[in-house]
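Raw contents of entry32.tsv, TSV, C-alpha atoms:
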chain	number	residue	atom	x	y	z
A	247	MET	CA	43.35	-80.16	-4.60
A	248	GLU	CA	41.66	-78.18	-1.87
A	249	LEU	CA	39.71	-75.81	-4.12
A	250	LEU	CA	38.24	-78.71	-6.08
A	251	GLU	CA	37.35	-80.74	-2.98
A	252	GLU	CA	35.56	-77.71	-1.51
A	253	ARG	CA	33.65	-77.23	-4.72
A	254	ILE	CA	32.61	-80.88	-4.87
A	255	ARG	CA	31.42	-80.71	-1.26
A	256	LYS	CA	29.48	-77.54	-1.99
A	257	ASP	CA	27.97	-78.27	-5.41
A	258	GLY	CA	28.39	-82.01	-6.01
A	259	LYS	CA	25.45	-84.29	-5.41
A	260	VAL	CA	25.80	-87.83	-4.11
A	261	LEU	CA	23.05	-90.11	-5.39
A	262	PRO	CA	22.33	-93.75	-4.63
A	263	GLY	CA	24.38	-96.21	-6.70
A	264	ASN	CA	27.72	-94.46	-6.12
A	265	ILE	CA	26.78	-91.63	-8.43
A	266	LEU	CA	28.47	-88.28	-7.92
A	267	LYS	CA	26.82	-85.53	-9.94
A	268	VAL	CA	29.07	-82.59	-10.81
A	269	GLY	CA	27.00	-81.32	-13.70
A	270	SER	CA	26.72	-77.81	-12.30
A	271	PHE	CA	30.44	-77.08	-12.73
A	272	ILE	CA	32.25	-79.89	-14.61
A	273	ASN	CA	30.31	-81.93	-17.10
A	274	HIS	CA	27.09	-80.29	-18.16
A	275	GLN	CA	27.56	-76.72	-17.08
A	276	ILE	CA	31.26	-75.77	-16.98
A	277	ASP	CA	32.85	-73.25	-14.64
A	278	ILE	CA	35.53	-71.70	-16.86
A	279	GLU	CA	37.50	-70.18	-13.96
A	280	LEU	CA	37.66	-73.52	-12.16
A	281	LEU	CA	38.62	-75.22	-15.43
A	282	ASP	CA	41.69	-72.97	-15.73
A	283	LYS	CA	42.77	-73.81	-12.20
A	284	LEU	CA	42.41	-77.54	-12.91
A	285	GLY	CA	44.54	-77.13	-16.03
A	286	GLU	CA	47.20	-75.25	-14.08
A	287	GLU	CA	47.29	-77.93	-11.41
A	288	PHE	CA	47.77	-80.68	-14.00
A	289	ALA	CA	50.70	-78.70	-15.38
A	290	ARG	CA	52.20	-78.37	-11.89
A	291	ARG	CA	51.89	-82.10	-11.25
A	292	PHE	CA	53.38	-83.07	-14.59
A	293	SER	CA	55.99	-80.32	-14.63
A	294	GLY	CA	59.33	-81.52	-15.93
A	295	GLN	CA	57.65	-84.01	-18.22
A	296	THR	CA	57.55	-83.44	-21.95
A	297	VAL	CA	54.00	-83.50	-23.26
A	298	THR	CA	53.52	-82.99	-27.00
A	299	LYS	CA	49.83	-83.80	-27.16
A	300	ILE	CA	46.83	-84.30	-24.88
A	301	LEU	CA	44.38	-87.11	-25.56
A	302	THR	CA	40.92	-87.20	-24.04
A	303	ILE	CA	37.55	-88.75	-24.82
A	304	GLU	CA	34.31	-87.07	-25.81
A	305	ALA	CA	32.37	-85.39	-24.44
A	306	SER	CA	33.16	-84.39	-20.83
A	307	GLY	CA	36.91	-84.62	-21.19
A	308	ILE	CA	37.19	-82.06	-23.97
A	309	ALA	CA	36.84	-78.85	-21.96
A	310	ILE	CA	39.27	-80.06	-19.32
A	311	ALA	CA	41.83	-81.20	-21.88
A	312	CYS	CA	41.69	-77.85	-23.70
A	313	ALA	CA	42.09	-75.95	-20.43
A	314	ALA	CA	45.09	-78.11	-19.55
A	315	ALA	CA	46.67	-77.70	-23.00
A	316	ARG	CA	47.21	-73.98	-22.46
A	317	PHE	CA	49.57	-74.87	-19.61
A	318	PHE	CA	51.46	-77.39	-21.75
A	319	ASN	CA	52.69	-74.89	-24.38
A	320	LYS	CA	49.28	-74.90	-26.07
A	321	CYS	CA	49.93	-78.38	-27.41
A	322	PRO	CA	47.19	-79.89	-29.59
A	323	VAL	CA	44.30	-81.78	-28.00
A	324	VAL	CA	42.90	-84.91	-29.62
A	325	PHE	CA	39.59	-86.30	-28.49
A	326	ALA	CA	38.72	-89.94	-29.01
A	327	LYS	CA	35.27	-90.47	-30.46
A	328	LYS	CA	32.67	-92.92	-29.31
A	329	SER	CA	31.36	-94.86	-32.24
A	330	ALA	CA	28.26	-97.02	-32.42
A	331	SER	CA	29.59	-98.64	-35.55
A	332	SER	CA	31.96	-101.56	-35.28
A	333	ASN	CA	33.20	-101.04	-38.84
A	334	VAL	CA	36.91	-101.51	-38.90
A	335	SER	CA	38.77	-98.76	-40.68
A	336	ASP	CA	42.47	-98.84	-41.44
A	337	ASP	CA	42.64	-95.14	-40.72
A	338	CYS	CA	41.76	-95.40	-37.03
A	339	TYR	CA	43.10	-96.81	-33.82
A	340	ARG	CA	40.22	-98.53	-32.13
A	341	THR	CA	39.43	-100.03	-28.76
A	342	SER	CA	36.37	-101.23	-26.92
A	343	VAL	CA	35.21	-99.65	-23.68
A	344	TYR	CA	32.53	-100.89	-21.33
A	345	SER	CA	30.25	-98.20	-19.97
A	346	TYR	CA	28.87	-99.02	-16.54
A	347	THR	CA	26.60	-95.97	-16.81
A	348	HIS	CA	24.93	-97.31	-19.95
A	349	SER	CA	25.64	-101.04	-19.40
A	350	LYS	CA	27.08	-101.59	-22.84
A	351	ASN	CA	30.29	-101.73	-24.83
A	352	TYR	CA	31.09	-99.00	-27.27
A	353	ASN	CA	33.93	-98.49	-29.70
A	354	VAL	CA	36.36	-95.67	-29.21
A	355	ILE	CA	38.34	-94.45	-32.18
A	356	VAL	CA	41.16	-92.02	-32.92
A	357	ALA	CA	42.33	-91.25	-36.46
A	358	LYS	CA	45.85	-92.63	-36.84
A	359	GLN	CA	47.19	-89.42	-38.33
A	360	TYR	CA	46.75	-87.56	-35.02
A	361	LEU	CA	48.99	-89.80	-32.87
A	362	SER	CA	52.53	-90.60	-33.84
A	363	ALA	CA	55.41	-92.57	-32.36
A	364	THR	CA	57.32	-89.33	-31.77
A	365	ASP	CA	54.57	-87.93	-29.50
A	366	THR	CA	54.48	-88.03	-25.72
A	367	ILE	CA	50.84	-88.13	-24.68
A	368	LEU	CA	49.11	-86.92	-21.54
A	369	LEU	CA	45.66	-88.43	-21.05
A	370	ILE	CA	42.99	-86.27	-19.46
A	371	ASP	CA	39.49	-87.21	-18.30
A	372	ASP	CA	36.88	-86.01	-15.84
A	373	PHE	CA	36.30	-89.25	-13.93
A	374	LEU	CA	38.20	-92.42	-13.10
A	375	ALA	CA	36.18	-95.22	-11.50
A	376	ASN	CA	36.50	-98.74	-12.86
A	377	GLY	CA	39.09	-97.49	-15.33
A	378	SER	CA	37.50	-98.83	-18.49
A	379	ALA	CA	37.61	-95.59	-20.50
A	380	LEU	CA	41.13	-94.72	-19.36
A	381	SER	CA	42.41	-98.25	-20.11
A	382	GLY	CA	40.96	-97.83	-23.59
A	383	LEU	CA	42.85	-94.58	-24.08
A	384	PHE	CA	46.11	-96.15	-22.87
A	385	ASP	CA	45.48	-99.00	-25.31
A	386	ILE	CA	45.04	-96.55	-28.20
A	387	VAL	CA	48.24	-94.69	-27.33
A	388	LYS	CA	50.15	-97.98	-27.18
A	389	GLN	CA	48.85	-98.92	-30.63
A	390	SER	CA	50.27	-95.65	-31.95
A	391	GLY	CA	53.71	-96.28	-30.46
A	392	ALA	CA	53.69	-92.86	-28.76
A	393	GLY	CA	55.18	-92.30	-25.33
A	394	ILE	CA	52.88	-91.84	-22.32
A	395	ALA	CA	53.43	-89.12	-19.73
A	396	GLY	CA	50.54	-90.36	-17.62
A	397	ALA	CA	46.93	-89.49	-16.96
A	398	GLY	CA	45.39	-86.46	-15.31
A	399	ILE	CA	41.97	-87.07	-13.79
A	400	VAL	CA	39.70	-84.52	-12.15
A	401	ILE	CA	37.81	-86.88	-9.82
A	402	GLU	CA	38.84	-90.43	-8.98
A	403	LYS	CA	36.47	-92.75	-7.18
A	404	GLY	CA	39.15	-94.26	-4.99
A	405	PHE	CA	36.79	-96.95	-3.71
A	406	GLN	CA	36.59	-98.44	-7.20
A	407	GLU	CA	39.47	-100.40	-8.64
A	408	GLY	CA	40.45	-98.49	-11.80
A	409	GLY	CA	43.13	-96.27	-10.28
A	410	GLU	CA	44.81	-99.08	-8.39
A	411	ILE	CA	44.87	-101.44	-11.37
A	412	LEU	CA	46.34	-98.83	-13.71
A	413	ARG	CA	48.94	-97.61	-11.19
A	414	LYS	CA	50.04	-101.22	-10.66
A	415	LYS	CA	50.59	-101.46	-14.38
A	416	GLY	CA	53.11	-98.66	-13.95
A	417	TYR	CA	51.08	-95.75	-15.28
A	418	ARG	CA	51.35	-92.42	-13.54
A	419	ILE	CA	47.85	-91.27	-12.61
A	420	GLU	CA	47.35	-87.85	-11.04
A	421	SER	CA	43.84	-87.32	-9.70
A	422	LEU	CA	43.03	-83.84	-8.41
A	423	ALA	CA	40.45	-85.21	-5.97
A	424	ILE	CA	40.18	-88.81	-4.79
A	425	VAL	CA	36.90	-89.81	-3.18
A	426	ASP	CA	37.57	-92.57	-0.65
A	427	SER	CA	33.94	-93.00	0.30
A	428	MET	CA	30.65	-91.33	-0.28
A	429	SER	CA	27.05	-91.84	0.67
A	430	VAL	CA	23.83	-89.89	0.61
A	431	GLU	CA	23.76	-89.99	4.42
A	432	ASN	CA	27.37	-89.22	5.30
A	433	GLY	CA	28.56	-87.16	2.33
A	434	ILE	CA	32.02	-87.42	0.82
A	435	THR	CA	35.38	-88.36	2.33
A	436	PHE	CA	38.40	-87.37	0.28
A	437	ARG	CA	41.75	-89.11	0.47
A	438	SER	CA	44.03	-86.92	2.54
A	439	GLY	CA	47.47	-85.91	1.37
A	440	ASN	CA	46.53	-86.22	-2.28
B	11	MET	CA	37.93	-64.35	-40.79
B	12	GLU	CA	41.05	-64.44	-42.93
B	13	LEU	CA	43.14	-66.62	-40.64
B	14	LEU	CA	40.42	-69.27	-40.46
B	15	GLU	CA	39.78	-69.26	-44.21
B	16	GLU	CA	43.50	-69.72	-44.86
B	17	ARG	CA	43.61	-72.60	-42.43
B	18	ILE	CA	40.60	-74.29	-44.00
B	19	ARG	CA	42.17	-73.92	-47.45
B	20	LYS	CA	45.44	-75.37	-46.15
B	21	ASP	CA	44.27	-78.19	-43.87
B	22	GLY	CA	40.60	-78.75	-44.67
B	23	LYS	CA	39.64	-81.61	-46.96
B	24	VAL	CA	36.70	-81.47	-49.35
B	25	LEU	CA	35.14	-84.89	-49.90
B	26	PRO	CA	32.31	-85.94	-52.20
B	27	GLY	CA	28.84	-85.33	-50.75
B	28	ASN	CA	29.54	-81.77	-49.59
B	29	ILE	CA	31.71	-82.97	-46.74
B	30	LEU	CA	34.34	-80.60	-45.41
B	31	LYS	CA	36.77	-82.34	-43.05
B	32	VAL	CA	38.45	-80.09	-40.50
B	33	GLY	CA	39.40	-82.84	-38.08
B	34	SER	CA	43.06	-81.88	-38.02
B	35	PHE	CA	42.42	-78.54	-36.27
B	36	ILE	CA	38.77	-78.17	-35.18
B	37	ASN	CA	36.79	-81.28	-34.36
B	38	HIS	CA	39.00	-84.30	-33.73
B	39	GLN	CA	42.40	-82.75	-33.16
B	40	ILE	CA	42.11	-79.20	-31.81
B	41	ASP	CA	44.56	-76.38	-32.43
B	42	ILE	CA	44.48	-74.50	-29.11
B	43	GLU	CA	46.07	-71.33	-30.49
B	44	LEU	CA	43.53	-71.13	-33.30
B	45	LEU	CA	40.74	-71.84	-30.81
B	46	ASP	CA	41.71	-68.76	-28.80
B	47	LYS	CA	41.64	-66.59	-31.90
B	48	LEU	CA	38.19	-67.90	-32.80
B	49	GLY	CA	36.96	-67.09	-29.30
B	50	GLU	CA	38.40	-63.59	-29.51
B	51	GLU	CA	36.73	-62.98	-32.86
B	52	PHE	CA	33.33	-64.08	-31.50
B	53	ALA	CA	33.78	-61.56	-28.69
B	54	ARG	CA	34.64	-58.82	-31.18
B	55	ARG	CA	31.56	-59.57	-33.25
B	56	PHE	CA	29.22	-59.70	-30.27
B	57	SER	CA	30.86	-56.82	-28.41
B	58	GLY	CA	28.35	-54.52	-26.77
B	59	GLN	CA	25.95	-57.42	-26.20
B	60	THR	CA	25.42	-58.84	-22.77
B	61	VAL	CA	26.12	-62.57	-22.66
B	62	THR	CA	25.64	-64.35	-19.33
B	63	LYS	CA	26.03	-67.90	-20.57
B	64	ILE	CA	27.18	-69.82	-23.63
B	65	LEU	CA	25.22	-72.83	-24.85
B	66	THR	CA	26.68	-75.39	-27.22
B	67	ILE	CA	26.11	-79.03	-28.11
B	68	GLU	CA	28.36	-82.00	-27.54
B	69	ALA	CA	30.90	-82.90	-28.67
B	70	SER	CA	32.60	-80.61	-31.21
B	71	GLY	CA	31.11	-77.39	-29.89
B	72	ILE	CA	32.52	-77.73	-26.39
B	73	ALA	CA	36.11	-76.67	-27.01
B	74	ILE	CA	35.02	-73.67	-29.09
B	75	ALA	CA	32.45	-72.57	-26.53
B	76	CYS	CA	34.97	-72.77	-23.69
B	77	ALA	CA	37.52	-70.77	-25.70
B	78	ALA	CA	34.88	-68.14	-26.43
B	79	ALA	CA	33.75	-67.96	-22.79
B	80	ARG	CA	37.10	-66.55	-21.68
B	81	PHE	CA	36.37	-63.50	-23.83
B	82	PHE	CA	32.87	-63.11	-22.36
B	83	ASN	CA	33.96	-62.53	-18.76
B	84	LYS	CA	34.55	-66.26	-18.27
B	85	CYS	CA	30.81	-66.87	-18.24
B	86	PRO	CA	29.67	-70.47	-17.72
B	87	VAL	CA	29.36	-72.82	-20.68
B	88	VAL	CA	26.50	-75.31	-20.88
B	89	PHE	CA	26.61	-78.12	-23.36
B	90	ALA	CA	23.46	-79.81	-24.58
B	91	LYS	CA	23.63	-83.59	-24.49
B	92	LYS	CA	22.57	-85.95	-27.21
B	93	SER	CA	20.38	-88.64	-25.78
B	94	ALA	CA	19.35	-91.92	-27.35
B	95	SER	CA	16.54	-92.23	-24.86
B	96	SER	CA	13.23	-90.54	-25.53
B	97	ASN	CA	12.24	-90.71	-21.87
B	98	VAL	CA	10.63	-87.47	-20.91
B	99	SER	CA	12.00	-85.94	-17.75
B	100	ASP	CA	10.57	-82.90	-16.04
B	101	ASP	CA	14.09	-81.78	-15.18
B	102	CYS	CA	15.21	-81.20	-18.76
B	103	TYR	CA	14.46	-79.02	-21.73
B	104	ARG	CA	14.29	-81.30	-24.72
B	105	THR	CA	14.19	-81.00	-28.46
B	106	SER	CA	14.59	-83.29	-31.43
B	107	VAL	CA	17.35	-82.79	-33.99
B	108	TYR	CA	17.75	-84.53	-37.31
B	109	SER	CA	21.30	-85.56	-38.13
B	110	TYR	CA	22.00	-85.65	-41.86
B	111	THR	CA	25.37	-87.22	-41.11
B	112	HIS	CA	23.76	-90.19	-39.38
B	113	SER	CA	20.34	-90.04	-41.10
B	114	LYS	CA	18.37	-90.16	-37.86
B	115	ASN	CA	16.66	-88.06	-35.24
B	116	TYR	CA	18.16	-87.75	-31.82
B	117	ASN	CA	17.03	-86.03	-28.67
B	118	VAL	CA	18.96	-83.11	-27.28
B	119	ILE	CA	18.56	-82.22	-23.63
B	120	VAL	CA	19.65	-79.50	-21.23
B	121	ALA	CA	18.94	-79.67	-17.49
B	122	LYS	CA	16.48	-76.89	-16.67
B	123	GLN	CA	18.51	-75.66	-13.73
B	124	TYR	CA	21.30	-74.41	-16.04
B	125	LEU	CA	19.21	-71.99	-18.12
B	126	SER	CA	17.08	-69.32	-16.55
B	127	ALA	CA	14.82	-66.52	-17.78
B	128	THR	CA	17.32	-63.95	-16.50
B	129	ASP	CA	20.12	-65.30	-18.74
B	130	THR	CA	21.16	-63.96	-22.11
B	131	ILE	CA	22.53	-66.84	-24.12
B	132	LEU	CA	25.07	-66.97	-26.90
B	133	LEU	CA	24.95	-70.18	-28.93
B	134	ILE	CA	28.21	-71.58	-30.27
B	135	ASP	CA	28.80	-74.46	-32.67
B	136	ASP	CA	31.41	-75.63	-35.12
B	137	PHE	CA	29.24	-76.06	-38.24
B	138	LEU	CA	26.01	-74.62	-39.60
B	139	ALA	CA	24.59	-76.37	-42.67
B	140	ASN	CA	20.90	-77.26	-42.74
B	141	GLY	CA	20.50	-75.65	-39.34
B	142	SER	CA	18.87	-78.55	-37.55
B	143	ALA	CA	21.18	-78.61	-34.51
B	144	LEU	CA	21.19	-74.83	-34.15
B	145	SER	CA	17.39	-74.64	-34.49
B	146	GLY	CA	17.19	-77.20	-31.71
B	147	LEU	CA	19.40	-75.07	-29.47
B	148	PHE	CA	17.30	-71.95	-30.18
B	149	ASP	CA	14.22	-74.01	-29.32
B	150	ILE	CA	15.71	-75.04	-25.98
B	151	VAL	CA	16.64	-71.46	-25.09
B	152	LYS	CA	13.12	-70.32	-25.92
B	153	GLN	CA	11.67	-73.00	-23.65
B	154	SER	CA	13.79	-71.59	-20.83
B	155	GLY	CA	12.57	-68.03	-21.37
B	156	ALA	CA	16.17	-66.76	-21.54
B	157	GLY	CA	17.19	-63.99	-23.91
B	158	ILE	CA	19.21	-64.80	-27.02
B	159	ALA	CA	22.26	-62.78	-28.07
B	160	GLY	CA	22.66	-64.81	-31.25
B	161	ALA	CA	24.79	-67.66	-32.54
B	162	GLY	CA	28.49	-67.83	-33.29
B	163	ILE	CA	29.46	-70.46	-35.85
B	164	VAL	CA	32.95	-71.40	-36.95
B	165	ILE	CA	32.10	-72.65	-40.45
B	166	GLU	CA	28.82	-72.08	-42.26
B	167	LYS	CA	28.01	-73.96	-45.43
B	168	GLY	CA	26.42	-70.98	-47.15
B	169	PHE	CA	25.12	-73.14	-49.97
B	170	GLN	CA	22.82	-74.95	-47.55
B	171	GLU	CA	19.71	-73.28	-46.23
B	172	GLY	CA	20.19	-73.25	-42.43
B	173	GLY	CA	21.81	-69.82	-42.13
B	174	GLU	CA	19.29	-68.11	-44.36
B	175	ILE	CA	16.26	-69.64	-42.64
B	176	LEU	CA	17.48	-68.72	-39.16
B	177	ARG	CA	18.50	-65.17	-40.14
B	178	LYS	CA	15.04	-64.65	-41.68
B	179	LYS	CA	13.56	-65.63	-38.34
B	180	GLY	CA	15.44	-62.67	-36.90
B	181	TYR	CA	18.31	-64.46	-35.21
B	182	ARG	CA	21.73	-62.92	-35.38
B	183	ILE	CA	24.16	-65.51	-36.77
B	184	GLU	CA	27.86	-64.70	-36.97
B	185	SER	CA	29.83	-67.25	-38.96
B	186	LEU	CA	33.59	-66.83	-38.99
B	187	ALA	CA	33.89	-68.47	-42.40
B	188	ILE	CA	31.07	-68.95	-44.91
B	189	VAL	CA	31.67	-71.47	-47.67
B	190	ASP	CA	29.71	-70.43	-50.75
B	191	SER	CA	30.75	-73.40	-52.81
B	192	MET	CA	33.15	-76.29	-52.62
B	193	SER	CA	34.10	-79.26	-54.70
B	194	VAL	CA	36.85	-81.82	-54.84
B	195	GLU	CA	37.92	-80.42	-58.24
B	196	ASN	CA	37.71	-76.67	-57.65
B	197	GLY	CA	38.32	-76.35	-53.92
B	198	ILE	CA	36.54	-73.88	-51.67
B	199	THR	CA	35.07	-70.45	-52.39
B	200	PHE	CA	34.41	-68.33	-49.31
B	201	ARG	CA	31.82	-65.56	-49.15
B	202	SER	CA	33.70	-62.29	-49.48
B	203	GLY	CA	33.19	-59.44	-47.08
B	204	ASN	CA	32.14	-61.76	-44.25

Take the structure in the file and write it out as structure tokens.
Amino acid sequence: MELLEERIRKDGKVLPGNILKVGSFINHQIDIELLDKLGEEFARRFSGQTVTKILTIEASGIAIACAAARFFNKCPVVFAKKSASSNVSDDCYRTSVYSYTHSKNYNVIVAKQYLSATDTILLIDDFLANGSALSGLFDIVKQSGAGIAGAGIVIEKGFQEGGEILRKKGYRIESLAIVDSMSVENGITFRSGN
Amino acid sequence: MELLEERIRKDGKVLPGNILKVGSFINHQIDIELLDKLGEEFARRFSGQTVTKILTIEASGIAIACAAARFFNKCPVVFAKKSASSNVSDDCYRTSVYSYTHSKNYNVIVAKQYLSATDTILLIDDFLANGSALSGLFDIVKQSGAGIAGAGIVIEKGFQEGGEILRKKGYRIESLAIVDSMSVENGITFRSGN
């Protein structure tokens, strides 16, 4: 998505350790106009697919999921919660996600009542890198028995393995910008034709 | 706000310990149509006031803040982050907030670059009870030197002291529903004329 790639080039910051900071417009400060355009583009890419509910994960996914929902007939958004507690509750679907940012596992939960076998779920998140968070969300949807339309991602780090692994499993992943390489010295190269 | 009060009566759940669960439409699953109406009502209540930026706190405030922003000229939304680390960074405004839900203090941070003395900030959050989170957000805005338009809250627990304390300090707080009392046995009584 040209507009997004331009914005990342302009306002994104590449830091050592494969970190791409987009806090000025995506995940700390949010550009509401851009958000709408991202939502519209997700709808274009998944047009023709039934989506009854959008599932994302707190916190950065929420704004994007809500922006997308208005282009999917204002379907409900559910956000998975990160939980420090490992208490097992019968009321929740639960999975474990490894955070490379924080070097630890955390539990991700969704109350069972918000996902049902009659739903078709679109997953939305801001980043896809190693795929741990997104795999966790797919796992939760599978536990619920709901159908899966696919996943819409704002920025995929194409040089990490998450996208490839999940696509090989048969999931449809639509990333609005795929970074093929990035470095402090040479900036960002986006995958062409995406 | 009539529509909101009706919805809380219909889908909210009062649990022992003064807990009001609104996870089916506000803060776990999100009703996008309702969200828009909440945003519109915040704009009506703060009409005539300049708002250049909306500040909220992760995670439940984000969707509401983004919905509100579209009625404030699509101004940017900034969400404060909860941080386990107490590392002091020169790049961030920082305050400490006590969570009654989790019985602990946590740090709340906002990168300095996203709030400036020329901004006029509207605070948005889902709940106001003891006022700890909202006080923390006011504190952060004051550190930045920005002006404060006030705070828009979806549900205020009027039987707790946060709203009264903050209004006495001179802050304008607009709560779309104020619960004056609630109990498992007798249900919810909303403040009339709000």

Would you give me, as a ChimeraX atom specification, the residues of chain A that come within 12 Å of chain B, using all atoms listed in the file?
/A:269-282,299-331,338,348,355-361

Radius query 12 Å about (31.1, -86.5, -48.5), atoms used: all atoms listed in the file, as a PyMOL selection string:
chain B and resi 23-31+110-111+192-194

Can you pull out the residues contacting range 169-176 of chain B? Cut-off 7 Å, using only C-alpha atoms, and skip same-chain residues under 6 positions away; I want them as an NGL selection string.
:B and (138-141 or 190-191)

Give, as lines of an AutoDock Vina configuration file, the centre coordinates and the x, y and z edge lengths in Å to one decimal for an axis-aligned box around all listed atoms of range 100-114 of chain B, padded by 8 Å on each side.
center_x = 18.0
center_y = -84.6
center_z = -28.5
size_x = 30.8
size_y = 27.2
size_z = 42.7

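Considering all atoms listed in the file, the residue among A:Val400, A:Asn432, A:Tyr339, A:Gly416 positioned nearest to Ile386 in chain A is A:Tyr339.
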
What's around Ser106 in chain B at 8 Å? Count all atoms listed in the file, leave out sequence neighbours fewer than 2 positions away in its own chain, and write the answer as a ChimeraX atom specification.
/B:104,108,115-118,146

Please list as a list in words every residue within 7 Å of range 13-17 of chain B, counting all atoms listed in the file and excluding residues in the same chain fewer than 3 positions away.
Lys20, Asp21 and Ala187 of chain B

In Å, with one decimal, what is the gap from CA of Gly391 in chain A to CA of Ser293 in chain A?
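Going from CA of Gly391 in chain A over to CA of Ser293 in chain A, I get 22.6 Å.
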
Residues near Thr60 in chain B, cut-off 10 Å, all atoms listed in the file, skip fewer than 2 positions along chain, as a PDB file with C-alpha atoms, keeping the file's coordinate frame:
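The resulting selection_13.pdb:
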ATOM      1  CA  PHE B  56      29.220 -59.700 -30.270  1.00  0.00           C
ATOM      2  CA  SER B  57      30.860 -56.820 -28.410  1.00  0.00           C
ATOM      3  CA  GLY B  58      28.350 -54.520 -26.770  1.00  0.00           C
ATOM      4  CA  THR B  62      25.640 -64.350 -19.330  1.00  0.00           C
ATOM      5  CA  LYS B  63      26.030 -67.900 -20.570  1.00  0.00           C
ATOM      6  CA  PHE B  82      32.870 -63.110 -22.360  1.00  0.00           C
ATOM      7  CA  ASP B 129      20.120 -65.300 -18.740  1.00  0.00           C
ATOM      8  CA  THR B 130      21.160 -63.960 -22.110  1.00  0.00           C
ATOM      9  CA  ILE B 131      22.530 -66.840 -24.120  1.00  0.00           C
ATOM     10  CA  LEU B 132      25.070 -66.970 -26.900  1.00  0.00           C
ATOM     11  CA  GLY B 157      17.190 -63.990 -23.910  1.00  0.00           C
ATOM     12  CA  ILE B 158      19.210 -64.800 -27.020  1.00  0.00           C
ATOM     13  CA  ALA B 159      22.260 -62.780 -28.070  1.00  0.00           C
TER      14      ALA B 159
END

Could you state the separation of CA of Arg437 in chain A and CA of Val425 in chain A in Å, given to one decimal place?
6.1 Å

Between CA of Ala161 in chain B and CA of Asp371 in chain A, distance in Å (one decimal)
28.3 Å

As a PDB file, in the frame of the given file, the rebuilt range 335-339 of chain A with all heavy atoms:
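Writing done, so here's result30.pdb:
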ATOM      1  N   SER A 335      38.149 -99.608 -39.669  1.00  0.00           N
ATOM      2  CA  SER A 335      38.770 -98.760 -40.680  1.00  0.00           C
ATOM      3  C   SER A 335      40.274 -98.786 -40.459  1.00  0.00           C
ATOM      4  O   SER A 335      40.746 -98.759 -39.331  1.00  0.00           O
ATOM      5  CB  SER A 335      38.226 -97.346 -40.542  1.00  0.00           C
ATOM      6  OG  SER A 335      39.155 -96.435 -41.064  1.00  0.00           O
ATOM      7  N   ASP A 336      41.015 -98.833 -41.543  1.00  0.00           N
ATOM      8  CA  ASP A 336      42.470 -98.840 -41.440  1.00  0.00           C
ATOM      9  C   ASP A 336      43.019 -97.508 -40.966  1.00  0.00           C
ATOM     10  O   ASP A 336      44.172 -97.404 -40.561  1.00  0.00           O
ATOM     11  CB  ASP A 336      43.098 -99.165 -42.805  1.00  0.00           C
ATOM     12  CG  ASP A 336      42.930-100.630 -43.153  1.00  0.00           C
ATOM     13  OD1 ASP A 336      42.576-101.408 -42.246  1.00  0.00           O
ATOM     14  OD2 ASP A 336      43.133-100.990 -44.322  1.00  0.00           O
ATOM     15  N   ASP A 337      42.173 -96.487 -41.042  1.00  0.00           N
ATOM     16  CA  ASP A 337      42.640 -95.140 -40.720  1.00  0.00           C
ATOM     17  C   ASP A 337      42.605 -94.833 -39.228  1.00  0.00           C
ATOM     18  O   ASP A 337      43.069 -93.786 -38.807  1.00  0.00           O
ATOM     19  CB  ASP A 337      41.749 -94.088 -41.408  1.00  0.00           C
ATOM     20  CG  ASP A 337      41.678 -94.313 -42.908  1.00  0.00           C
ATOM     21  OD1 ASP A 337      42.639 -94.913 -43.439  1.00  0.00           O
ATOM     22  OD2 ASP A 337      40.683 -93.898 -43.519  1.00  0.00           O
ATOM     23  N   CYS A 338      42.016 -95.722 -38.443  1.00  0.00           N
ATOM     24  CA  CYS A 338      41.760 -95.400 -37.030  1.00  0.00           C
ATOM     25  C   CYS A 338      42.363 -96.423 -36.078  1.00  0.00           C
ATOM     26  O   CYS A 338      42.335 -97.622 -36.354  1.00  0.00           O
ATOM     27  CB  CYS A 338      40.252 -95.357 -36.766  1.00  0.00           C
ATOM     28  SG  CYS A 338      39.440 -93.951 -37.528  1.00  0.00           S
ATOM     29  N   TYR A 339      42.873 -95.929 -34.962  1.00  0.00           N
ATOM     30  CA  TYR A 339      43.100 -96.810 -33.820  1.00  0.00           C
ATOM     31  C   TYR A 339      41.744 -97.002 -33.153  1.00  0.00           C
ATOM     32  O   TYR A 339      40.931 -96.081 -33.095  1.00  0.00           O
ATOM     33  CB  TYR A 339      44.075 -96.178 -32.832  1.00  0.00           C
ATOM     34  CG  TYR A 339      45.426 -95.908 -33.436  1.00  0.00           C
ATOM     35  CD1 TYR A 339      45.892 -94.604 -33.581  1.00  0.00           C
ATOM     36  CD2 TYR A 339      46.241 -96.951 -33.866  1.00  0.00           C
ATOM     37  CE1 TYR A 339      47.131 -94.345 -34.146  1.00  0.00           C
ATOM     38  CE2 TYR A 339      47.485 -96.702 -34.433  1.00  0.00           C
ATOM     39  CZ  TYR A 339      47.926 -95.403 -34.572  1.00  0.00           C
ATOM     40  OH  TYR A 339      49.135 -95.155 -35.134  1.00  0.00           O
TER      41      TYR A 339
END
